[in-house]
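Read through the structure below, which is laid out as structure tokens, and then see the notes.
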Amino acid sequence: MSIRSWLGLSKVDAPEHAPLREVVSALDRLEPERARHIARFAYLLGRVAHADRHVTPEETTTMERSVEERGGLTRDQAMLVVSLAKSSNLLFGSTADYEVAREFADKASYDEKLSLARCLFATAATDEAISMVEETEIHRILTQLRIQPSDLTALRVEHQKFLPGLAPRRGGSAS
């Protein structure tokens with residue numbers, strides 16, 4: 001199965017979609033397992049971004065940058081993958097959440113899982129505050145990925161200034 005058909009774009013007829021067709025074609029040239037890895041990665045990022053039921057433009061930019069850097073994609077390809085992942089999260093939601101996480105856990109190396117974990121925290125911290133629902137979703141994903149508790153603790157310490165209950169109060173006095 002090609003990445004194009006996996007993403008539901010197997011038929012692109014209109015000539016005005018030529019730029020999109022070029023991006024999809026470039027994604028289609030990726031080795032299929034690599035393309036699925038990138039799609040899973042983006043989908044899991046989307047779970048955290050959508051945890052509070054609202055994906056901000058800044059979260060989208062952070063997700064695109066993560067997918068571009070970690071996936072070795074062009075900016076346009078990363079934008080397409082993230083857009084499709086966000087749509088998939090809205091369409092399939094919790095129905096696919098466990099399955100995508102399990103597949104990522106089964107196929108990714110531990111270092112790739114940690115890389116995703118860092119990106120999950122970065123996405124949630126985009127607005128300089130990780131909400132309770134975002135932290136809960138990150139924890140749920142990292143549990144599904146079988147991240148070691150010591151690594152989860154280290155990631156939480158790295159991001160403690162953004163975590164609920166641990167972040168310093170903004171605009172208040174410390175009296």
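Residues are named by chain letter and number: chains run A, B, ... in the order of the structure tokens, numbers start at 1 in each chain, and ligands are numbered from 1 in the order shown.
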
Residues at most 7 Å from range 113-122 of chain A, counting only C-alpha atoms, excluding those fewer than 3 positions away in the same chain, as an mmCIF file with C-alpha atoms, in the first residue's frame?
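The resulting out12.cif:
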data_model
loop_
_atom_site.group_PDB
_atom_site.id
_atom_site.type_symbol
_atom_site.label_atom_id
_atom_site.label_comp_id
_atom_site.auth_asym_id
_atom_site.auth_seq_id
_atom_site.Cartn_x
_atom_site.Cartn_y
_atom_site.Cartn_z
ATOM 1 C CA PHE A 41 4.643 10.134 14.816
ATOM 2 C CA LEU A 45 1.680 14.626 18.251
ATOM 3 C CA VAL A 48 -1.492 15.917 22.533
ATOM 4 C CA SER A 66 9.123 18.260 14.726
ATOM 5 C CA ALA A 108 10.201 2.356 16.820
ATOM 6 C CA SER A 109 13.496 2.101 18.643
ATOM 7 C CA TYR A 110 13.627 3.310 22.222
ATOM 8 C CA ALA A 125 4.463 23.585 26.043
ATOM 9 C CA THR A 126 4.122 25.766 22.952
ATOM 10 C CA ILE A 138 1.313 12.660 27.203
ATOM 11 C CA LEU A 142 4.279 7.360 26.959
ATOM 12 C CA LEU A 145 5.049 3.389 24.242
#

Report task. Enter the distance from CA of Thr123 in chain A to CA of Ser150 in chain A, in Å, rounded to one decimal. Result ->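 Between CA of Thr123 in chain A and CA of Ser150 in chain A the gap works out to 21.0 Å.
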
Query - Residues of range 33-96 of chain A in helix (DSSP H, G or I), written as a PyMOL selection string - result: chain A and resi 33-49+57-71+75-92+94-96

**Report entry** Residue nearest Gly165 in chain A - candidates A:Ala78, A:Ala129, A:Leu152, A:Ile147, atoms counted: only C-alpha atoms
**Finding:**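 Using only C-alpha atoms, the shortest distance to Gly165 in chain A belongs to A:Ala129.
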
Report summary line: Expressed in Å, the length from CA of Leu30 in chain A to CA of Glu103 in chain A is 18.5 Å

Query raised in the report: At what distance in Å, to one decimal, does CA of Ala124 in chain A lie from CA of Glu59 in chain A?
Result: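 So the answer is 7.3 Å.
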
Query raised in the report: Which neighbours of Leu44 in chain A fall inside 8 Å, counting only C-alpha atoms, when residues of the same chain fewer than 4 positions from it are skipped, and could you give them as a ChimeraX atom specification?
Result: /A:40,48,97,100-101,120,141

Go ahead and write the residues just picked, N, CA and C atoms, as a PDB file, in the first residue's frame.
ATOM      1  N   ARG A  40       2.573   7.898  11.934  1.00  0.00           N
ATOM      2  CA  ARG A  40       2.254   7.569  13.331  1.00  0.00           C
ATOM      3  C   ARG A  40       2.775   8.655  14.266  1.00  0.00           C
ATOM      4  N   VAL A  48      -1.802  14.972  21.453  1.00  0.00           N
ATOM      5  CA  VAL A  48      -1.492  15.917  22.533  1.00  0.00           C
ATOM      6  C   VAL A  48      -2.003  17.306  22.183  1.00  0.00           C
ATOM      7  N   ASP A  97      -6.481   5.760  18.522  1.00  0.00           N
ATOM      8  CA  ASP A  97      -5.390   6.194  19.405  1.00  0.00           C
ATOM      9  C   ASP A  97      -4.526   5.040  19.901  1.00  0.00           C
ATOM     10  N   VAL A 100      -2.590   3.144  16.954  1.00  0.00           N
ATOM     11  CA  VAL A 100      -1.451   3.891  16.401  1.00  0.00           C
ATOM     12  C   VAL A 100      -0.290   3.880  17.399  1.00  0.00           C
ATOM     13  N   ALA A 101      -0.592   4.093  18.673  1.00  0.00           N
ATOM     14  CA  ALA A 101       0.472   4.078  19.691  1.00  0.00           C
ATOM     15  C   ALA A 101       1.118   2.698  19.781  1.00  0.00           C
ATOM     16  N   LEU A 120       6.357  15.595  22.080  1.00  0.00           N
ATOM     17  CA  LEU A 120       5.045  15.698  22.721  1.00  0.00           C
ATOM     18  C   LEU A 120       5.056  16.807  23.768  1.00  0.00           C
ATOM     19  N   ILE A 141       0.169   8.317  26.371  1.00  0.00           N
ATOM     20  CA  ILE A 141       0.948   7.903  25.193  1.00  0.00           C
ATOM     21  C   ILE A 141       2.262   7.264  25.619  1.00  0.00           C
TER      22      ILE A 141
END

Query raised in the report: Contacts of Met132 in chain A at 9 Å or less, counting only C-alpha atoms, minus same-chain residues fewer than 5 places along, as a list in words?
Result: Asp52, Glu137, Leu163 and Pro164 of chain A

Pull N, CA and C atoms from the residues just selected and write them as a PDB file, in the first residue's frame.
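The resulting file, selection_20.pdb, is reproduced below:
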ATOM      1  N   ASP A  52      -6.820  19.252  24.496  1.00  0.00           N
ATOM      2  CA  ASP A  52      -7.685  20.286  25.079  1.00  0.00           C
ATOM      3  C   ASP A  52      -8.778  20.724  24.104  1.00  0.00           C
ATOM      4  N   GLU A 137      -2.627  13.203  28.580  1.00  0.00           N
ATOM      5  CA  GLU A 137      -2.501  12.547  27.268  1.00  0.00           C
ATOM      6  C   GLU A 137      -1.049  12.142  27.004  1.00  0.00           C
ATOM      7  N   LEU A 163       4.510  22.658  33.642  1.00  0.00           N
ATOM      8  CA  LEU A 163       3.551  21.670  34.134  1.00  0.00           C
ATOM      9  C   LEU A 163       2.553  22.275  35.113  1.00  0.00           C
ATOM     10  N   PRO A 164       1.322  21.772  35.073  1.00  0.00           N
ATOM     11  CA  PRO A 164       0.312  22.287  36.002  1.00  0.00           C
ATOM     12  C   PRO A 164       0.720  21.986  37.447  1.00  0.00           C
TER      13      PRO A 164
END
